[in-house]
Amino acid sequence: MTQTQWTAVDDYITDLLIPSDSALDATIQSTIDANLPKINVAPNQGKLLHILAQIQGARRILELGTLAGYSTIWLARALPPGGKLITLEANPKHAEVARQNIDRAGLSKIVEIRIGAALDTLPQLANEGQAPFDFVFIDADKVNIPDYFKWALKLTRRGSVIIVDNVIRKGAVIEADSNDENVQGVRKFNRLLAVETRVKATTIQTVGSKGYDGLTIALVIAD
Ligand code: SAM
C-alpha cells in the first residue's frame with residue numbers, strides 16, 4: 001500500500017460522503033494562503049470527530065490545537081443550541097486565521113479561542129469553573145500530550161470522551177529508544193493510559209490522505 005493509494009481512497013470516500021462545504025473549503029484555502037502548516041485533520045476525520053461528539057451528546061467541547069479552525073468547525077457544528085466550544089491555540093497568527101474562519105462559518109457565538117500555551121490556559125479554564133467538558137480533542141504539540149491528558153481528566157466527568165490525535169507517528173511509537181521527543185511524549189502518555197483506572201481506552205491505527213498515524217479514544221468511567 002502506498003500514500004498515493006491511501007489518498008485516492010480518502011478522496012473516493014470524501015467525494016461520496018462529505019459534500020463540498022463553503023466554510024470548510026475556505027478554511028483549507030486560508031491555511032494555504034496564510035502559509036500555515038497543512039496539519040489539520042482530513043475531511044473524513046473531521047466528520048468522525050463531529051459524529052463522535054454527537055454520539056456523546058456533547059454540549060461543551062474543549063479542543064487543544066486550533067490551527068486554522070478546521071476541526072473546530074466540524075466539532076462546533078456537532079453542538080446543540082446553547083452548546084459551547086473552547087479551543088486553545090499558542091500561535092496568535094493561527095488564532096487570527098481561525099477567528100476569521102470561525103466567523104465565516106457563523107460560529108463566533110459558539111466558539112471561543114484562547115490564545116496562549118495550553119499548559120497556561122488550561123489552569124485558567126479550571127479556575128473559571130469552565131469544566132466539566134463532555135468532549136475533549138487533544139491535537140496540539142505532542143510532547144505535552146501526557147500533561148494534556150491529565151488536564152483533560154481534571155476537566156471532564158464520568159461519560160465524557162477524550163480523543164488524542166497522532167499517537168502512532170508512522171509506527172515510530174513502538175521505538176522505545178527513539179530520540180524524537182514527540183514519540184517519547186506519546187509513549188509516556190501510553191504508560192499513563194495503561195494504568196489509568198478512570199478511563200476505558202483504545203487506540204486505532206489509521207491510514208489516509210494524512211499518512212499513517214492513529215488516534216486514542218478514551219471514555220471517562222469515573223468522576
Ligand atoms: N486541530 C487542528 C485541525 O485539525 O484543524 C490542527 C491543530 S495542529 C495539528 C496543532 C496546533 O497546535 C498548531 O496550530 C499549533 O500552533 C498549536 N500548538 C502547538 N503547541 C501548542 C501549545 N503549547 N499550546 C497550544 N497550542 C499549541
# chains A, B, ... in the order shown; residues from 1 in each chain; ligands from 1

call {"tool": "residues_near_ligand", "arguments": {"ligand": "ligand 1", "cutoff": "7 Å", "atoms": "only C-alpha atoms and all ligand atoms", "output": "list in words"}}
result
Ile39, Asn40, Val41, Leu64, Gly65, Thr66, Leu67, Ala68, Gly69, Tyr70, Ser71, Thr72, Leu88, Glu89, Ala90, Asn91, His94, Gly116, Ala117, Ala118, Leu119, Asp139, Ala140 and Asp141 of chain A

call {"tool": "write_last_selection", "arguments": {"atoms": "C-alpha atoms", "output": "PDB file, in the first residue's frame"}}
result
ATOM      1  CA  ILE A  39      -1.632  19.533   9.592  1.00  0.00           C
ATOM      2  CA  ASN A  40      -5.391  19.833  10.013  1.00  0.00           C
ATOM      3  CA  VAL A  41      -7.414  16.638  10.199  1.00  0.00           C
ATOM      4  CA  LEU A  64      -6.310  21.749  22.217  1.00  0.00           C
ATOM      5  CA  GLY A  65      -4.669  22.932  18.979  1.00  0.00           C
ATOM      6  CA  THR A  66      -6.834  25.151  16.748  1.00  0.00           C
ATOM      7  CA  LEU A  67      -4.584  25.871  13.743  1.00  0.00           C
ATOM      8  CA  ALA A  68      -6.996  27.463  11.202  1.00  0.00           C
ATOM      9  CA  GLY A  69     -10.113  26.116  12.900  1.00  0.00           C
ATOM     10  CA  TYR A  70     -10.871  23.207  10.545  1.00  0.00           C
ATOM     11  CA  SER A  71     -11.512  20.572  13.227  1.00  0.00           C
ATOM     12  CA  THR A  72     -13.015  23.336  15.382  1.00  0.00           C
ATOM     13  CA  LEU A  88      -6.698  26.583  22.778  1.00  0.00           C
ATOM     14  CA  GLU A  89      -4.016  27.874  20.420  1.00  0.00           C
ATOM     15  CA  ALA A  90      -0.474  29.040  21.222  1.00  0.00           C
ATOM     16  CA  ASN A  91       0.264  30.809  17.933  1.00  0.00           C
ATOM     17  CA  HIS A  94      -3.017  30.692  13.704  1.00  0.00           C
ATOM     18  CA  GLY A 116      -1.540  31.001  24.797  1.00  0.00           C
ATOM     19  CA  ALA A 117       0.321  27.822  25.619  1.00  0.00           C
ATOM     20  CA  ALA A 118      -2.296  25.258  26.585  1.00  0.00           C
ATOM     21  CA  LEU A 119      -0.470  24.473  29.831  1.00  0.00           C
ATOM     22  CA  ASP A 139      -4.356  17.943  18.922  1.00  0.00           C
ATOM     23  CA  ALA A 140      -1.680  20.473  19.964  1.00  0.00           C
ATOM     24  CA  ASP A 141       2.044  19.768  20.418  1.00  0.00           C
TER      25      ASP A 141
END

call {"tool": "select_by_dssp", "arguments": {"residues": "segment 9-180 of chain A", "states": "alpha helix (DSSP H)", "output": "ChimeraX atom specification"}}
result
/A:9-17,22-33,43-56,70-76,92-104,118-127,145-154

call {"tool": "write_last_selection", "arguments": {"atoms": "C-alpha atoms", "output": "PDB file, in the first residue's frame"}}
result
ATOM      1  CA  VAL A   9      -9.266   6.067  -1.277  1.00  0.00           C
ATOM      2  CA  ASP A  10      -9.722   9.039   1.070  1.00  0.00           C
ATOM      3  CA  ASP A  11     -10.695  11.173  -1.950  1.00  0.00           C
ATOM      4  CA  TYR A  12     -13.197   8.482  -3.017  1.00  0.00           C
ATOM      5  CA  ILE A  13     -14.749   8.418   0.493  1.00  0.00           C
ATOM      6  CA  THR A  14     -14.795  12.212   0.726  1.00  0.00           C
ATOM      7  CA  ASP A  15     -16.445  12.570  -2.685  1.00  0.00           C
ATOM      8  CA  LEU A  16     -19.174  10.135  -1.665  1.00  0.00           C
ATOM      9  CA  LEU A  17     -19.865  11.118   1.927  1.00  0.00           C
ATOM     10  CA  SER A  22     -18.019  26.617   1.597  1.00  0.00           C
ATOM     11  CA  ALA A  23     -16.878  27.358   5.176  1.00  0.00           C
ATOM     12  CA  LEU A  24     -14.687  24.259   5.407  1.00  0.00           C
ATOM     13  CA  ASP A  25     -13.307  24.743   1.891  1.00  0.00           C
ATOM     14  CA  ALA A  26     -12.459  28.373   2.717  1.00  0.00           C
ATOM     15  CA  THR A  27     -10.730  27.228   5.894  1.00  0.00           C
ATOM     16  CA  ILE A  28      -8.472  24.879   3.939  1.00  0.00           C
ATOM     17  CA  GLN A  29      -7.779  27.667   1.413  1.00  0.00           C
ATOM     18  CA  SER A  30      -6.900  30.065   4.264  1.00  0.00           C
ATOM     19  CA  THR A  31      -4.332  27.575   5.536  1.00  0.00           C
ATOM     20  CA  ILE A  32      -2.628  27.692   2.138  1.00  0.00           C
ATOM     21  CA  ASP A  33      -2.967  31.484   1.743  1.00  0.00           C
ATOM     22  CA  PRO A  43     -12.339  15.730   5.930  1.00  0.00           C
ATOM     23  CA  ASN A  44     -13.338  12.160   6.856  1.00  0.00           C
ATOM     24  CA  GLN A  45     -11.518  12.537  10.191  1.00  0.00           C
ATOM     25  CA  GLY A  46     -13.269  15.856  10.844  1.00  0.00           C
ATOM     26  CA  LYS A  47     -16.590  14.193  10.175  1.00  0.00           C
ATOM     27  CA  LEU A  48     -15.625  11.333  12.506  1.00  0.00           C
ATOM     28  CA  LEU A  49     -14.991  13.856  15.295  1.00  0.00           C
ATOM     29  CA  HIS A  50     -18.336  15.511  14.528  1.00  0.00           C
ATOM     30  CA  ILE A  51     -20.188  12.184  14.689  1.00  0.00           C
ATOM     31  CA  LEU A  52     -18.415  11.091  17.890  1.00  0.00           C
ATOM     32  CA  ALA A  53     -19.303  14.402  19.572  1.00  0.00           C
ATOM     33  CA  GLN A  54     -22.938  13.934  18.523  1.00  0.00           C
ATOM     34  CA  ILE A  55     -22.989  10.321  19.735  1.00  0.00           C
ATOM     35  CA  GLN A  56     -21.708  11.587  23.068  1.00  0.00           C
ATOM     36  CA  TYR A  70     -10.871  23.207  10.545  1.00  0.00           C
ATOM     37  CA  SER A  71     -11.512  20.572  13.227  1.00  0.00           C
ATOM     38  CA  THR A  72     -13.015  23.336  15.382  1.00  0.00           C
ATOM     39  CA  ILE A  73     -15.736  23.953  12.789  1.00  0.00           C
ATOM     40  CA  TRP A  74     -16.515  20.238  12.462  1.00  0.00           C
ATOM     41  CA  LEU A  75     -16.786  19.895  16.242  1.00  0.00           C
ATOM     42  CA  ALA A  76     -18.738  23.122  16.849  1.00  0.00           C
ATOM     43  CA  PRO A  92      -1.502  34.210  17.593  1.00  0.00           C
ATOM     44  CA  LYS A  93      -1.261  34.079  13.787  1.00  0.00           C
ATOM     45  CA  HIS A  94      -3.017  30.692  13.704  1.00  0.00           C
ATOM     46  CA  ALA A  95      -5.622  32.007  16.129  1.00  0.00           C
ATOM     47  CA  GLU A  96      -6.329  35.044  13.932  1.00  0.00           C
ATOM     48  CA  VAL A  97      -6.773  32.918  10.811  1.00  0.00           C
ATOM     49  CA  ALA A  98      -9.026  30.604  12.807  1.00  0.00           C
ATOM     50  CA  ARG A  99     -11.084  33.532  14.109  1.00  0.00           C
ATOM     51  CA  GLN A 100     -11.821  34.649  10.559  1.00  0.00           C
ATOM     52  CA  ASN A 101     -12.776  31.119   9.535  1.00  0.00           C
ATOM     53  CA  ILE A 102     -14.999  30.636  12.567  1.00  0.00           C
ATOM     54  CA  ASP A 103     -16.711  33.988  11.873  1.00  0.00           C
ATOM     55  CA  ARG A 104     -17.275  32.989   8.256  1.00  0.00           C
ATOM     56  CA  ALA A 118      -2.296  25.258  26.585  1.00  0.00           C
ATOM     57  CA  LEU A 119      -0.470  24.473  29.831  1.00  0.00           C
ATOM     58  CA  ASP A 120      -1.119  28.124  30.784  1.00  0.00           C
ATOM     59  CA  THR A 121      -4.709  28.370  29.552  1.00  0.00           C
ATOM     60  CA  LEU A 122      -5.896  25.009  30.933  1.00  0.00           C
ATOM     61  CA  PRO A 123      -5.473  26.079  34.593  1.00  0.00           C
ATOM     62  CA  GLN A 124      -7.369  29.281  33.757  1.00  0.00           C
ATOM     63  CA  LEU A 125     -10.291  27.227  32.477  1.00  0.00           C
ATOM     64  CA  ALA A 126     -10.272  25.239  35.719  1.00  0.00           C
ATOM     65  CA  ASN A 127     -10.142  28.402  37.849  1.00  0.00           C
ATOM     66  CA  ILE A 145       0.243  15.008  25.490  1.00  0.00           C
ATOM     67  CA  PRO A 146       0.784  13.364  28.913  1.00  0.00           C
ATOM     68  CA  ASP A 147       0.062  16.658  30.696  1.00  0.00           C
ATOM     69  CA  TYR A 148      -2.831  17.479  28.365  1.00  0.00           C
ATOM     70  CA  PHE A 149      -4.369  14.110  29.135  1.00  0.00           C
ATOM     71  CA  LYS A 150      -4.042  14.750  32.892  1.00  0.00           C
ATOM     72  CA  TRP A 151      -5.760  18.121  32.395  1.00  0.00           C
ATOM     73  CA  ALA A 152      -8.459  16.523  30.276  1.00  0.00           C
ATOM     74  CA  LEU A 153      -9.197  14.153  33.146  1.00  0.00           C
ATOM     75  CA  LYS A 154      -9.455  17.095  35.564  1.00  0.00           C
TER      76      LYS A 154
END

call {"tool": "residues_around", "arguments": {"residues": "segment 181-183 of chain A", "least_positions_apart": "5", "cutoff": "10 Å", "atoms": "only C-alpha atoms", "output": "NGL selection string"}}
result
:A and (141-145 or 166-176 or 188-189)

call {"tool": "residues_around", "arguments": {"residues": "Pro132 of chain A", "least_positions_apart": "5", "cutoff": "9 Å", "atoms": "only C-alpha atoms", "output": "list in words"}}
result
Arg60, Ala126, Lys154, Leu155, Thr156, Arg157 and Ser160 of chain A

call {"tool": "write_last_selection", "arguments": {"atoms": "C-alpha atoms", "output": "tab-separated table (two decimals), in the first residue's frame"}}
result
chain	number	residue	atom	x	y	z
A	60	ARG	CA	-19.40	21.56	25.99
A	126	ALA	CA	-10.27	25.24	35.72
A	154	LYS	CA	-9.45	17.09	35.56
A	155	LEU	CA	-11.81	18.96	33.23
A	156	THR	CA	-14.20	16.13	32.36
A	157	ARG	CA	-16.75	13.93	34.14
A	160	SER	CA	-17.02	12.37	28.79

call {"tool": "select_by_dssp", "arguments": {"residues": "segment 25-215 of chain A", "states": "strand (DSSP E)", "output": "VMD selection string"}}
result
chain A and resid 60 to 64 84 to 89 111 to 115 135 to 138 161 to 165 199 to 208 211 to 215

call {"tool": "write_last_selection", "arguments": {"atoms": "C-alpha atoms", "output": "PDB file, in the first residue's frame"}}
result
ATOM      1  CA  ARG A  60     -19.396  21.559  25.985  1.00  0.00           C
ATOM      2  CA  ILE A  61     -16.314  20.755  23.910  1.00  0.00           C
ATOM      3  CA  LEU A  62     -12.659  21.544  24.598  1.00  0.00           C
ATOM      4  CA  GLU A  63     -10.093  21.470  21.797  1.00  0.00           C
ATOM      5  CA  LEU A  64      -6.310  21.749  22.217  1.00  0.00           C
ATOM      6  CA  LYS A  84     -20.078  25.896  23.592  1.00  0.00           C
ATOM      7  CA  LEU A  85     -16.598  25.038  22.310  1.00  0.00           C
ATOM      8  CA  ILE A  86     -13.375  26.437  23.739  1.00  0.00           C
ATOM      9  CA  THR A  87     -10.270  25.941  21.594  1.00  0.00           C
ATOM     10  CA  LEU A  88      -6.698  26.583  22.778  1.00  0.00           C
ATOM     11  CA  GLU A  89      -4.016  27.874  20.420  1.00  0.00           C
ATOM     12  CA  VAL A 111     -16.612  29.120  19.721  1.00  0.00           C
ATOM     13  CA  GLU A 112     -14.130  30.846  21.983  1.00  0.00           C
ATOM     14  CA  ILE A 113     -10.443  30.866  21.063  1.00  0.00           C
ATOM     15  CA  ARG A 114      -7.974  31.164  23.941  1.00  0.00           C
ATOM     16  CA  ILE A 115      -4.522  32.298  22.846  1.00  0.00           C
ATOM     17  CA  PHE A 135     -15.749  16.006  24.817  1.00  0.00           C
ATOM     18  CA  VAL A 136     -12.037  16.865  24.576  1.00  0.00           C
ATOM     19  CA  PHE A 137      -9.958  16.746  21.393  1.00  0.00           C
ATOM     20  CA  ILE A 138      -6.201  16.845  22.083  1.00  0.00           C
ATOM     21  CA  VAL A 161     -14.946  11.359  25.782  1.00  0.00           C
ATOM     22  CA  ILE A 162     -11.282  12.272  25.238  1.00  0.00           C
ATOM     23  CA  ILE A 163      -9.705  11.886  21.792  1.00  0.00           C
ATOM     24  CA  VAL A 164      -5.941  12.152  21.319  1.00  0.00           C
ATOM     25  CA  ASP A 165      -4.661  12.546  17.763  1.00  0.00           C
ATOM     26  CA  VAL A 199     -10.923   5.711  31.665  1.00  0.00           C
ATOM     27  CA  LYS A 200     -11.716   2.888  29.288  1.00  0.00           C
ATOM     28  CA  ALA A 201      -9.499   3.436  26.240  1.00  0.00           C
ATOM     29  CA  THR A 202      -8.262   2.023  22.988  1.00  0.00           C
ATOM     30  CA  THR A 203      -6.013   3.182  20.157  1.00  0.00           C
ATOM     31  CA  ILE A 204      -6.654   2.699  16.459  1.00  0.00           C
ATOM     32  CA  GLN A 205      -4.062   2.936  13.676  1.00  0.00           C
ATOM     33  CA  THR A 206      -5.196   4.933  10.655  1.00  0.00           C
ATOM     34  CA  VAL A 207      -4.050   5.460   7.066  1.00  0.00           C
ATOM     35  CA  GLY A 208      -5.329   8.062   4.634  1.00  0.00           C
ATOM     36  CA  GLY A 211      -0.428   9.321   6.039  1.00  0.00           C
ATOM     37  CA  TYR A 212      -0.044   6.567   8.641  1.00  0.00           C
ATOM     38  CA  ASP A 213      -0.950   7.575  12.170  1.00  0.00           C
ATOM     39  CA  GLY A 214      -3.671   6.875  14.712  1.00  0.00           C
ATOM     40  CA  LEU A 215      -5.875   8.105  17.487  1.00  0.00           C
TER      41      LEU A 215
END

call {"tool": "decode", "arguments": {"residues": "segment 179-192 of chain A", "atoms": "N, CA and C atoms", "output": "PDB file, in the first residue's frame"}}
result
ATOM      1  N   ASN A 179      14.781   9.057  19.665  1.00  0.00           N
ATOM      2  CA  ASN A 179      15.188  10.356  20.207  1.00  0.00           C
ATOM      3  C   ASN A 179      14.267  11.481  19.734  1.00  0.00           C
ATOM      4  N   ASP A 180      13.108  11.107  19.202  1.00  0.00           N
ATOM      5  CA  ASP A 180      12.079  12.071  18.804  1.00  0.00           C
ATOM      6  C   ASP A 180      11.219  12.373  20.045  1.00  0.00           C
ATOM      7  N   GLU A 181      11.245  13.627  20.463  1.00  0.00           N
ATOM      8  CA  GLU A 181      10.527  13.978  21.707  1.00  0.00           C
ATOM      9  C   GLU A 181       9.010  13.804  21.559  1.00  0.00           C
ATOM     10  N   ASN A 182       8.509  13.881  20.323  1.00  0.00           N
ATOM     11  CA  ASN A 182       7.072  13.658  20.113  1.00  0.00           C
ATOM     12  C   ASN A 182       6.721  12.181  20.353  1.00  0.00           C
ATOM     13  N   VAL A 183       7.581  11.303  19.839  1.00  0.00           N
ATOM     14  CA  VAL A 183       7.379   9.865  20.063  1.00  0.00           C
ATOM     15  C   VAL A 183       7.437   9.579  21.566  1.00  0.00           C
ATOM     16  N   GLN A 184       8.420  10.173  22.229  1.00  0.00           N
ATOM     17  CA  GLN A 184       8.542   9.915  23.676  1.00  0.00           C
ATOM     18  C   GLN A 184       7.339  10.489  24.433  1.00  0.00           C
ATOM     19  N   GLY A 185       6.803  11.624  23.934  1.00  0.00           N
ATOM     20  CA  GLY A 185       5.587  12.173  24.548  1.00  0.00           C
ATOM     21  C   GLY A 185       4.427  11.201  24.455  1.00  0.00           C
ATOM     22  N   VAL A 186       4.272  10.602  23.284  1.00  0.00           N
ATOM     23  CA  VAL A 186       3.174   9.649  23.088  1.00  0.00           C
ATOM     24  C   VAL A 186       3.410   8.392  23.939  1.00  0.00           C
ATOM     25  N   ARG A 187       4.660   7.938  23.994  1.00  0.00           N
ATOM     26  CA  ARG A 187       4.954   6.731  24.783  1.00  0.00           C
ATOM     27  C   ARG A 187       4.682   6.969  26.269  1.00  0.00           C
ATOM     28  N   LYS A 188       5.010   8.155  26.743  1.00  0.00           N
ATOM     29  CA  LYS A 188       4.740   8.473  28.157  1.00  0.00           C
ATOM     30  C   LYS A 188       3.223   8.506  28.401  1.00  0.00           C
ATOM     31  N   PHE A 189       2.509   9.104  27.455  1.00  0.00           N
ATOM     32  CA  PHE A 189       1.047   9.117  27.538  1.00  0.00           C
ATOM     33  C   PHE A 189       0.507   7.682  27.583  1.00  0.00           C
ATOM     34  N   ASN A 190       1.036   6.804  26.755  1.00  0.00           N
ATOM     35  CA  ASN A 190       0.544   5.415  26.732  1.00  0.00           C
ATOM     36  C   ASN A 190       0.779   4.710  28.063  1.00  0.00           C
ATOM     37  N   ARG A 191       1.916   5.027  28.701  1.00  0.00           N
ATOM     38  CA  ARG A 191       2.178   4.412  30.016  1.00  0.00           C
ATOM     39  C   ARG A 191       1.160   4.903  31.041  1.00  0.00           C
ATOM     40  N   LEU A 192       0.830   6.196  30.972  1.00  0.00           N
ATOM     41  CA  LEU A 192      -0.196   6.737  31.875  1.00  0.00           C
ATOM     42  C   LEU A 192      -1.548   6.069  31.624  1.00  0.00           C
TER      43      LEU A 192
END
